[in-house]
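Have a look at upload_17.pdb; it's PDB, C-alpha atoms, pLDDT in the B column:
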```pdb
ATOM      1  CA  MET A1380     -86.159-138.474  58.224  1.00 92.00           C
ATOM      2  CA  ARG A1381     -89.449-140.074  57.248  1.00 95.00           C
ATOM      3  CA  VAL A1382     -90.110-139.647  53.535  1.00 96.00           C
ATOM      4  CA  GLY A1383     -93.504-140.140  51.952  1.00 95.00           C
ATOM      5  CA  PHE A1384     -95.032-139.601  48.576  1.00 92.00           C
ATOM      6  CA  ILE A1385     -98.474-138.769  47.311  1.00 89.00           C
ATOM      7  CA  GLN A1386     -99.443-140.254  43.939  1.00 86.00           C
ATOM      8  CA  ASN A1387    -102.348-138.075  42.888  1.00 83.00           C
ATOM      9  CA  ASN A1388    -103.285-139.132  39.320  1.00 86.00           C
ATOM     10  CA  PRO A1389    -103.871-135.516  38.246  1.00 91.00           C
ATOM     11  CA  VAL A1390    -106.771-134.395  36.099  1.00 92.00           C
ATOM     12  CA  PHE A1391    -105.106-132.695  33.142  1.00 95.00           C
ATOM     13  CA  GLY A1392    -105.433-128.919  33.249  1.00 94.00           C
ATOM     14  CA  ASN A1393    -107.437-128.798  36.489  1.00 95.00           C
ATOM     15  CA  VAL A1394    -104.875-127.205  38.792  1.00 95.00           C
ATOM     16  CA  GLN A1395    -107.335-126.334  41.553  1.00 95.00           C
ATOM     17  CA  GLU A1396    -108.810-129.843  41.738  1.00 95.00           C
ATOM     18  CA  ASN A1397    -105.345-131.426  41.741  1.00 95.00           C
ATOM     19  CA  LEU A1398    -104.111-129.071  44.443  1.00 95.00           C
ATOM     20  CA  SER A1399    -107.265-129.599  46.523  1.00 94.00           C
ATOM     21  CA  ARG A1400    -106.703-133.356  46.384  1.00 93.00           C
ATOM     22  CA  ILE A1401    -103.164-132.915  47.764  1.00 95.00           C
ATOM     23  CA  GLU A1402    -104.462-130.581  50.470  1.00 93.00           C
ATOM     24  CA  ARG A1403    -106.890-133.337  51.538  1.00 93.00           C
ATOM     25  CA  LEU A1404    -104.435-136.248  51.287  1.00 92.00           C
ATOM     26  CA  LEU A1405    -101.201-134.919  52.736  1.00 92.00           C
ATOM     27  CA  PRO A1406    -102.337-134.025  56.290  1.00 90.00           C
ATOM     28  CA  ALA A1407    -103.661-137.568  56.758  1.00 90.00           C
ATOM     29  CA  HIS A1408    -100.113-138.979  56.574  1.00 92.00           C
ATOM     30  CA  ASN A1409     -97.042-138.624  58.742  1.00 93.00           C
ATOM     31  CA  ALA A1410     -93.694-137.756  57.144  1.00 96.00           C
ATOM     32  CA  ASP A1411     -90.966-135.137  57.389  1.00 97.00           C
ATOM     33  CA  LEU A1412     -90.712-134.834  53.614  1.00 98.00           C
ATOM     34  CA  PHE A1413     -93.413-135.435  51.025  1.00 97.00           C
ATOM     35  CA  VAL A1414     -92.519-135.852  47.359  1.00 97.00           C
ATOM     36  CA  LEU A1415     -95.255-135.141  44.827  1.00 97.00           C
ATOM     37  CA  PRO A1416     -95.166-136.272  41.183  1.00 95.00           C
ATOM     38  CA  GLU A1417     -93.759-134.520  38.167  1.00 96.00           C
ATOM     39  CA  LEU A1418     -96.294-131.894  37.030  1.00 97.00           C
ATOM     40  CA  PHE A1419     -98.665-132.923  39.840  1.00 96.00           C
ATOM     41  CA  ALA A1420    -100.768-129.764  39.552  1.00 95.00           C
ATOM     42  CA  THR A1421    -101.377-129.731  35.801  1.00 96.00           C
ATOM     43  CA  GLY A1422    -101.007-133.276  34.603  1.00 94.00           C
ATOM     44  CA  TYR A1423     -98.385-134.336  32.098  1.00 89.00           C
ATOM     45  CA  GLN A1424     -99.612-134.643  28.510  1.00 88.00           C
ATOM     46  CA  PHE A1425     -99.110-131.156  27.081  1.00 95.00           C
ATOM     47  CA  THR A1426     -99.482-130.936  23.306  1.00 94.00           C
ATOM     48  CA  ASP A1427     -97.222-127.916  22.787  1.00 96.00           C
ATOM     49  CA  ARG A1428     -95.440-124.975  24.436  1.00 97.00           C
ATOM     50  CA  LYS A1429     -98.504-122.720  24.203  1.00 97.00           C
ATOM     51  CA  GLU A1430    -100.589-125.174  26.220  1.00 97.00           C
ATOM     52  CA  ALA A1431     -97.806-125.581  28.808  1.00 97.00           C
ATOM     53  CA  GLN A1432     -97.455-121.796  29.045  1.00 97.00           C
ATOM     54  CA  SER A1433    -101.193-121.429  29.666  1.00 97.00           C
ATOM     55  CA  LEU A1434    -100.943-123.595  32.815  1.00 97.00           C
ATOM     56  CA  ALA A1435     -97.478-122.566  34.003  1.00 98.00           C
ATOM     57  CA  GLU A1436     -96.952-120.407  37.082  1.00 98.00           C
ATOM     58  CA  PRO A1437     -94.059-118.398  38.464  1.00 98.00           C
ATOM     59  CA  ILE A1438     -92.063-119.866  41.336  1.00 98.00           C
ATOM     60  CA  PRO A1439     -92.315-118.845  44.166  1.00 98.00           C
ATOM     61  CA  ASP A1440     -95.051-116.295  43.509  1.00 97.00           C
ATOM     62  CA  GLY A1441     -97.587-118.564  41.796  1.00 97.00           C
ATOM     63  CA  ALA A1442    -100.801-119.767  43.380  1.00 96.00           C
ATOM     64  CA  THR A1443     -99.691-123.411  43.560  1.00 97.00           C
ATOM     65  CA  THR A1444     -96.415-122.623  45.304  1.00 98.00           C
ATOM     66  CA  ARG A1445     -98.175-120.295  47.749  1.00 98.00           C
ATOM     67  CA  ALA A1446    -100.751-123.001  48.537  1.00 97.00           C
ATOM     68  CA  LEU A1447     -97.987-125.576  49.088  1.00 98.00           C
ATOM     69  CA  MET A1448     -96.143-123.147  51.385  1.00 98.00           C
ATOM     70  CA  SER A1449     -99.291-122.809  53.470  1.00 97.00           C
ATOM     71  CA  LEU A1450     -99.717-126.592  53.570  1.00 97.00           C
ATOM     72  CA  ALA A1451     -96.068-127.137  54.594  1.00 98.00           C
ATOM     73  CA  LYS A1452     -96.433-124.616  57.408  1.00 97.00           C
ATOM     74  CA  GLN A1453     -99.713-126.165  58.572  1.00 96.00           C
ATOM     75  CA  THR A1454     -98.301-129.715  58.570  1.00 96.00           C
ATOM     76  CA  GLN A1455     -94.728-128.759  59.584  1.00 97.00           C
ATOM     77  CA  THR A1456     -93.311-130.762  56.687  1.00 97.00           C
ATOM     78  CA  PHE A1457     -91.043-130.329  53.697  1.00 98.00           C
ATOM     79  CA  ILE A1458     -92.583-130.720  50.243  1.00 98.00           C
ATOM     80  CA  ILE A1459     -90.968-131.274  46.859  1.00 98.00           C
ATOM     81  CA  ALA A1460     -93.531-130.880  44.091  1.00 98.00           C
ATOM     82  CA  GLY A1461     -93.341-130.858  40.300  1.00 97.00           C
ATOM     83  CA  LEU A1462     -95.063-128.098  38.369  1.00 96.00           C
ATOM     84  CA  ALA A1463     -94.913-126.160  35.131  1.00 98.00           C
ATOM     85  CA  GLU A1464     -92.974-122.947  35.756  1.00 98.00           C
ATOM     86  CA  THR A1465     -93.010-119.768  33.717  1.00 98.00           C
ATOM     87  CA  ASP A1466     -90.108-117.322  33.871  1.00 97.00           C
ATOM     88  CA  ALA A1467     -89.274-114.593  31.355  1.00 92.00           C
ATOM     89  CA  LYS A1468     -91.528-116.165  28.700  1.00 92.00           C
ATOM     90  CA  GLN A1469     -89.816-119.539  29.098  1.00 97.00           C
ATOM     91  CA  VAL A1470     -91.616-122.628  30.399  1.00 98.00           C
ATOM     92  CA  TYR A1471     -89.779-125.163  32.549  1.00 98.00           C
ATOM     93  CA  ASN A1472     -90.669-128.562  33.952  1.00 98.00           C
ATOM     94  CA  SER A1473     -89.686-127.683  37.516  1.00 98.00           C
ATOM     95  CA  ALA A1474     -89.838-128.840  41.098  1.00 98.00           C
ATOM     96  CA  VAL A1475     -90.380-126.477  43.991  1.00 98.00           C
ATOM     97  CA  ILE A1476     -88.762-127.188  47.346  1.00 98.00           C
ATOM     98  CA  ILE A1477     -90.700-125.908  50.353  1.00 98.00           C
ATOM     99  CA  GLY A1478     -90.349-126.242  54.107  1.00 98.00           C
ATOM    100  CA  PRO A1479     -92.329-125.308  57.201  1.00 98.00           C
ATOM    101  CA  SER A1480     -90.737-121.843  57.057  1.00 97.00           C
ATOM    102  CA  GLY A1481     -91.600-121.310  53.380  1.00 98.00           C
ATOM    103  CA  TYR A1482     -89.898-121.361  50.001  1.00 98.00           C
ATOM    104  CA  ILE A1483     -86.462-123.010  49.910  1.00 98.00           C
ATOM    105  CA  GLY A1484     -85.635-123.303  46.209  1.00 98.00           C
ATOM    106  CA  LYS A1485     -86.426-124.838  42.861  1.00 98.00           C
ATOM    107  CA  TYR A1486     -84.997-127.261  40.354  1.00 98.00           C
ATOM    108  CA  ARG A1487     -85.580-127.182  36.591  1.00 98.00           C
ATOM    109  CA  LYS A1488     -85.524-130.499  34.751  1.00 98.00           C
ATOM    110  CA  LEU A1489     -82.284-130.746  32.783  1.00 97.00           C
ATOM    111  CA  HIS A1490     -82.984-133.714  30.525  1.00 97.00           C
ATOM    112  CA  LEU A1491     -86.247-133.397  28.628  1.00 97.00           C
ATOM    113  CA  PHE A1492     -87.767-136.580  27.259  1.00 95.00           C
ATOM    114  CA  ASP A1493     -89.209-137.017  23.782  1.00 94.00           C
ATOM    115  CA  THR A1494     -92.027-134.517  23.104  1.00 93.00           C
ATOM    116  CA  GLU A1495     -91.283-132.563  26.297  1.00 95.00           C
ATOM    117  CA  LYS A1496     -88.807-130.697  24.089  1.00 96.00           C
ATOM    118  CA  ASN A1497     -91.799-129.218  22.247  1.00 97.00           C
ATOM    119  CA  CYS A1498     -93.275-127.891  25.490  1.00 97.00           C
ATOM    120  CA  PHE A1499     -90.455-126.939  27.833  1.00 98.00           C
ATOM    121  CA  THR A1500     -87.078-125.234  27.886  1.00 98.00           C
ATOM    122  CA  PRO A1501     -84.263-127.366  29.352  1.00 98.00           C
ATOM    123  CA  GLY A1502     -83.321-126.398  32.893  1.00 97.00           C
ATOM    124  CA  ASN A1503     -80.736-123.665  33.273  1.00 97.00           C
ATOM    125  CA  LEU A1504     -80.064-123.695  37.023  1.00 97.00           C
ATOM    126  CA  PRO A1505     -77.067-125.356  38.674  1.00 97.00           C
ATOM    127  CA  LEU A1506     -77.673-128.517  40.642  1.00 97.00           C
ATOM    128  CA  HIS A1507     -78.174-127.817  44.319  1.00 97.00           C
ATOM    129  CA  VAL A1508     -78.407-129.815  47.530  1.00 98.00           C
ATOM    130  CA  PHE A1509     -81.039-128.499  49.923  1.00 98.00           C
ATOM    131  CA  ASP A1510     -80.755-128.726  53.719  1.00 96.00           C
ATOM    132  CA  MET A1511     -83.893-130.125  55.331  1.00 96.00           C
ATOM    133  CA  ASN A1512     -83.343-130.233  59.087  1.00 93.00           C
ATOM    134  CA  GLY A1513     -79.884-131.719  58.658  1.00 93.00           C
ATOM    135  CA  ALA A1514     -80.726-134.050  55.772  1.00 96.00           C
ATOM    136  CA  LYS A1515     -79.062-133.062  52.508  1.00 98.00           C
ATOM    137  CA  VAL A1516     -81.539-133.567  49.647  1.00 98.00           C
ATOM    138  CA  GLY A1517     -80.879-133.309  45.916  1.00 98.00           C
ATOM    139  CA  VAL A1518     -83.659-133.118  43.340  1.00 98.00           C
ATOM    140  CA  MET A1519     -84.061-134.661  39.888  1.00 98.00           C
ATOM    141  CA  ILE A1520     -87.135-135.102  37.716  1.00 97.00           C
ATOM    142  CA  CYS A1521     -87.990-138.333  35.897  1.00 95.00           C
ATOM    143  CA  PHE A1522     -85.750-138.741  32.823  1.00 95.00           C
ATOM    144  CA  ASP A1523     -82.847-137.085  34.682  1.00 96.00           C
ATOM    145  CA  TRP A1524     -82.263-140.504  36.300  1.00 93.00           C
ATOM    146  CA  ARG A1525     -81.111-141.811  32.912  1.00 94.00           C
ATOM    147  CA  PHE A1526     -77.999-139.633  33.110  1.00 95.00           C
ATOM    148  CA  PRO A1527     -75.783-140.904  35.951  1.00 95.00           C
ATOM    149  CA  GLU A1528     -73.760-137.686  36.021  1.00 96.00           C
ATOM    150  CA  THR A1529     -76.734-135.890  37.544  1.00 97.00           C
ATOM    151  CA  ALA A1530     -77.044-138.243  40.527  1.00 97.00           C
ATOM    152  CA  ARG A1531     -73.255-138.503  40.831  1.00 98.00           C
ATOM    153  CA  THR A1532     -72.910-134.728  40.985  1.00 98.00           C
ATOM    154  CA  LEU A1533     -75.578-134.482  43.682  1.00 98.00           C
ATOM    155  CA  ALA A1534     -73.855-137.256  45.666  1.00 98.00           C
ATOM    156  CA  LEU A1535     -70.492-135.498  45.372  1.00 98.00           C
ATOM    157  CA  MET A1536     -72.202-132.320  46.594  1.00 98.00           C
ATOM    158  CA  GLY A1537     -73.173-134.206  49.758  1.00 98.00           C
ATOM    159  CA  ALA A1538     -76.718-135.379  49.049  1.00 98.00           C
ATOM    160  CA  ASP A1539     -77.915-138.002  51.537  1.00 97.00           C
ATOM    161  CA  LEU A1540     -81.103-138.473  49.520  1.00 97.00           C
ATOM    162  CA  ILE A1541     -82.169-137.713  45.953  1.00 97.00           C
ATOM    163  CA  ALA A1542     -85.848-136.992  45.491  1.00 96.00           C
TER
END
```

Output the file's structure as structure tokens, nothing else.
Amino acid sequence: MRVGFIQNNPVFGNVQENLSRIERLLPAHNADLFVLPELFATGYQFTDRKEAQSLAEPIPDGATTRALMSLAKQTQTFIIAGLAETDAKQVYNSAVIIGPSGYIGKYRKLHLFDTEKNCFTPGNLPLHVFDMNGAKVGVMICFDWRFPETARTLALMGADLIA
């Protein structure tokens, strides 16, 4: 499996511009799996929960996830991308997992860092290992790396790779 990443330096709050940049950059590269940054579509520096809520989208029915599904189908790649997710009036720092056939799953950041606690709800989904054409891929977001139990659990679940 060839793994690539796109570092997009998002413009805070400009979801369409950030998504358009990914749509231009990704097809120019060759990989089986592309990993995009935490909160790639919105930028990172939210001031509070209200601001995060204003830019959050549902997964998988939000515009960003739908656009990424189209891009994955067009490029025949897997994509893991961080975005602000809204669900039942909660806001999560999430990652969506997408393949050439569409939506695969999502991960919600478990370990919030510093002022993220003012903006997001801690993740409430079990850890999961996703099958990507035979490669077993676990997902963590940023500060989750600081807690070895997260990576250890994914490894014990059979992850070959942790994005």

Reference answer for the PyMOL selection byres ((chain A and resi 1437) around 8), as a PyMOL selection string: chain A and resi 1435-1436+1438-1441+1464-1466

Writing out the chosen residues with C-alpha atoms as a PDB file, keeping the file's coordinate frame:
```pdb
ATOM      1  CA  ALA A1435     -97.478-122.566  34.003  1.00 98.00           C
ATOM      2  CA  GLU A1436     -96.952-120.407  37.082  1.00 98.00           C
ATOM      3  CA  ILE A1438     -92.063-119.866  41.336  1.00 98.00           C
ATOM      4  CA  PRO A1439     -92.315-118.845  44.166  1.00 98.00           C
ATOM      5  CA  ASP A1440     -95.051-116.295  43.509  1.00 97.00           C
ATOM      6  CA  GLY A1441     -97.587-118.564  41.796  1.00 97.00           C
ATOM      7  CA  GLU A1464     -92.974-122.947  35.756  1.00 98.00           C
ATOM      8  CA  THR A1465     -93.010-119.768  33.717  1.00 98.00           C
ATOM      9  CA  ASP A1466     -90.108-117.322  33.871  1.00 97.00           C
TER      10      ASP A1466
END
```

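Nearest to Ile1458 of chain A of all the residues A:Ala1446, A:Met1536, A:Met1519, A:Leu1415 is A:Leu1415, counting only C-alpha atoms.
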
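Across the structure, atom CA of Arg1403 of chain A and atom CA of Thr1443 of chain A are spaced 14.6 Å apart.
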
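The coordinates place atom CA of His1490 of chain A at 5.4 Å from atom CA of Asp1523 of chain A.
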
Residue IDs satisfying the PyMOL selection byres ((chain A and resi 1488) around 6), as a PyMOL selection string: chain A and resi 1472-1473+1487+1489-1490+1502+1520

Selection result for the PyMOL selection byres ((chain A and resi 1495-1500) around 12) on this file, as a ChimeraX atom specification: /A:1418,1423-1435,1462-1473,1487-1494,1501-1504,1521-1522

Which residue of A:Val1390, A:Leu1398, A:Leu1447, A:Leu1412 approaches Val1516 of chain A most closely, using all atoms listed in the file: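 Of the candidates, the smallest distance to Val1516 of chain A is held by A:Leu1412.
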
Interatomic distance, atom CA of Met1448 of chain A to atom CA of Gly1484 of chain A (Å, one decimal): 11.7 Å

Padding 3 Å on each side, edges along x, y and z: where is the centre of the box around the listed atoms of segment 1398-1413 of chain A, and how long are its edges in Å to one decimal? Output it as AutoDock Vina command-line options.
```
--center_x -99.0 --center_y -134.0 --center_z 51.6 --size_x 22.6 --size_y 15.9 --size_z 20.3
```

Shell of 9 Å around Gln1455 of chain A, all atoms listed in the file, local chain residues under 6 positions omitted, as a ChimeraX atom specification: /A:1411,1478-1480

Take the residues that were just selected and, keeping C-alpha atoms, output them as a PDB file, in the frame of the given file.
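Writing done, so here's selection26.pdb:
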```pdb
ATOM      1  CA  ASP A1411     -90.966-135.137  57.389  1.00 97.00           C
ATOM      2  CA  GLY A1478     -90.349-126.242  54.107  1.00 98.00           C
ATOM      3  CA  PRO A1479     -92.329-125.308  57.201  1.00 98.00           C
ATOM      4  CA  SER A1480     -90.737-121.843  57.057  1.00 97.00           C
TER       5      SER A1480
END
```

Could you give me, as an mmCIF file with C-alpha atoms, in the coordinates of the input, the residues that have an atom at most 12 Å away from the point (-89.5, -130.5, 50.8) in the coordinates of the file, using all atoms listed in the file?
```cif
data_model
loop_
_atom_site.group_PDB
_atom_site.id
_atom_site.type_symbol
_atom_site.label_atom_id
_atom_site.label_comp_id
_atom_site.auth_asym_id
_atom_site.auth_seq_id
_atom_site.Cartn_x
_atom_site.Cartn_y
_atom_site.Cartn_z
ATOM 1 C CA MET A 1380 -86.159 -138.474 58.224
ATOM 2 C CA ARG A 1381 -89.449 -140.074 57.248
ATOM 3 C CA VAL A 1382 -90.110 -139.647 53.535
ATOM 4 C CA GLY A 1383 -93.504 -140.140 51.952
ATOM 5 C CA PHE A 1384 -95.032 -139.601 48.576
ATOM 6 C CA ALA A 1410 -93.694 -137.756 57.144
ATOM 7 C CA ASP A 1411 -90.966 -135.137 57.389
ATOM 8 C CA LEU A 1412 -90.712 -134.834 53.614
ATOM 9 C CA PHE A 1413 -93.413 -135.435 51.025
ATOM 10 C CA VAL A 1414 -92.519 -135.852 47.359
ATOM 11 C CA LEU A 1415 -95.255 -135.141 44.827
ATOM 12 C CA THR A 1444 -96.415 -122.623 45.304
ATOM 13 C CA LEU A 1447 -97.987 -125.576 49.088
ATOM 14 C CA MET A 1448 -96.143 -123.147 51.385
ATOM 15 C CA LEU A 1450 -99.717 -126.592 53.570
ATOM 16 C CA ALA A 1451 -96.068 -127.137 54.594
ATOM 17 C CA LYS A 1452 -96.433 -124.616 57.408
ATOM 18 C CA THR A 1454 -98.301 -129.715 58.570
ATOM 19 C CA GLN A 1455 -94.728 -128.759 59.584
ATOM 20 C CA THR A 1456 -93.311 -130.762 56.687
ATOM 21 C CA PHE A 1457 -91.043 -130.329 53.697
ATOM 22 C CA ILE A 1458 -92.583 -130.720 50.243
ATOM 23 C CA ILE A 1459 -90.968 -131.274 46.859
ATOM 24 C CA ALA A 1460 -93.531 -130.880 44.091
ATOM 25 C CA GLY A 1461 -93.341 -130.858 40.300
ATOM 26 C CA ALA A 1474 -89.838 -128.840 41.098
ATOM 27 C CA VAL A 1475 -90.380 -126.477 43.991
ATOM 28 C CA ILE A 1476 -88.762 -127.188 47.346
ATOM 29 C CA ILE A 1477 -90.700 -125.908 50.353
ATOM 30 C CA GLY A 1478 -90.349 -126.242 54.107
ATOM 31 C CA PRO A 1479 -92.329 -125.308 57.201
ATOM 32 C CA SER A 1480 -90.737 -121.843 57.057
ATOM 33 C CA GLY A 1481 -91.600 -121.310 53.380
ATOM 34 C CA TYR A 1482 -89.898 -121.361 50.001
ATOM 35 C CA ILE A 1483 -86.462 -123.010 49.910
ATOM 36 C CA GLY A 1484 -85.635 -123.303 46.209
ATOM 37 C CA LYS A 1485 -86.426 -124.838 42.861
ATOM 38 C CA TYR A 1486 -84.997 -127.261 40.354
ATOM 39 C CA VAL A 1508 -78.407 -129.815 47.530
ATOM 40 C CA PHE A 1509 -81.039 -128.499 49.923
ATOM 41 C CA ASP A 1510 -80.755 -128.726 53.719
ATOM 42 C CA MET A 1511 -83.893 -130.125 55.331
ATOM 43 C CA ASN A 1512 -83.343 -130.233 59.087
ATOM 44 C CA ALA A 1514 -80.726 -134.050 55.772
ATOM 45 C CA LYS A 1515 -79.062 -133.062 52.508
ATOM 46 C CA VAL A 1516 -81.539 -133.567 49.647
ATOM 47 C CA GLY A 1517 -80.879 -133.309 45.916
ATOM 48 C CA VAL A 1518 -83.659 -133.118 43.340
ATOM 49 C CA LEU A 1540 -81.103 -138.473 49.520
ATOM 50 C CA ILE A 1541 -82.169 -137.713 45.953
ATOM 51 C CA ALA A 1542 -85.848 -136.992 45.491
#
```

Expected answer as a list in words: all residues with atoms within 9 Å of (-75.3, -133.1, 39.6), all atoms listed in the file: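 Within the cut-off we find Pro1505, Leu1506, His1507, Gly1517, Met1519, Pro1527, Glu1528, Thr1529, Ala1530, Arg1531, Thr1532, Leu1533, Ala1534, Leu1535 and Met1536 of chain A.
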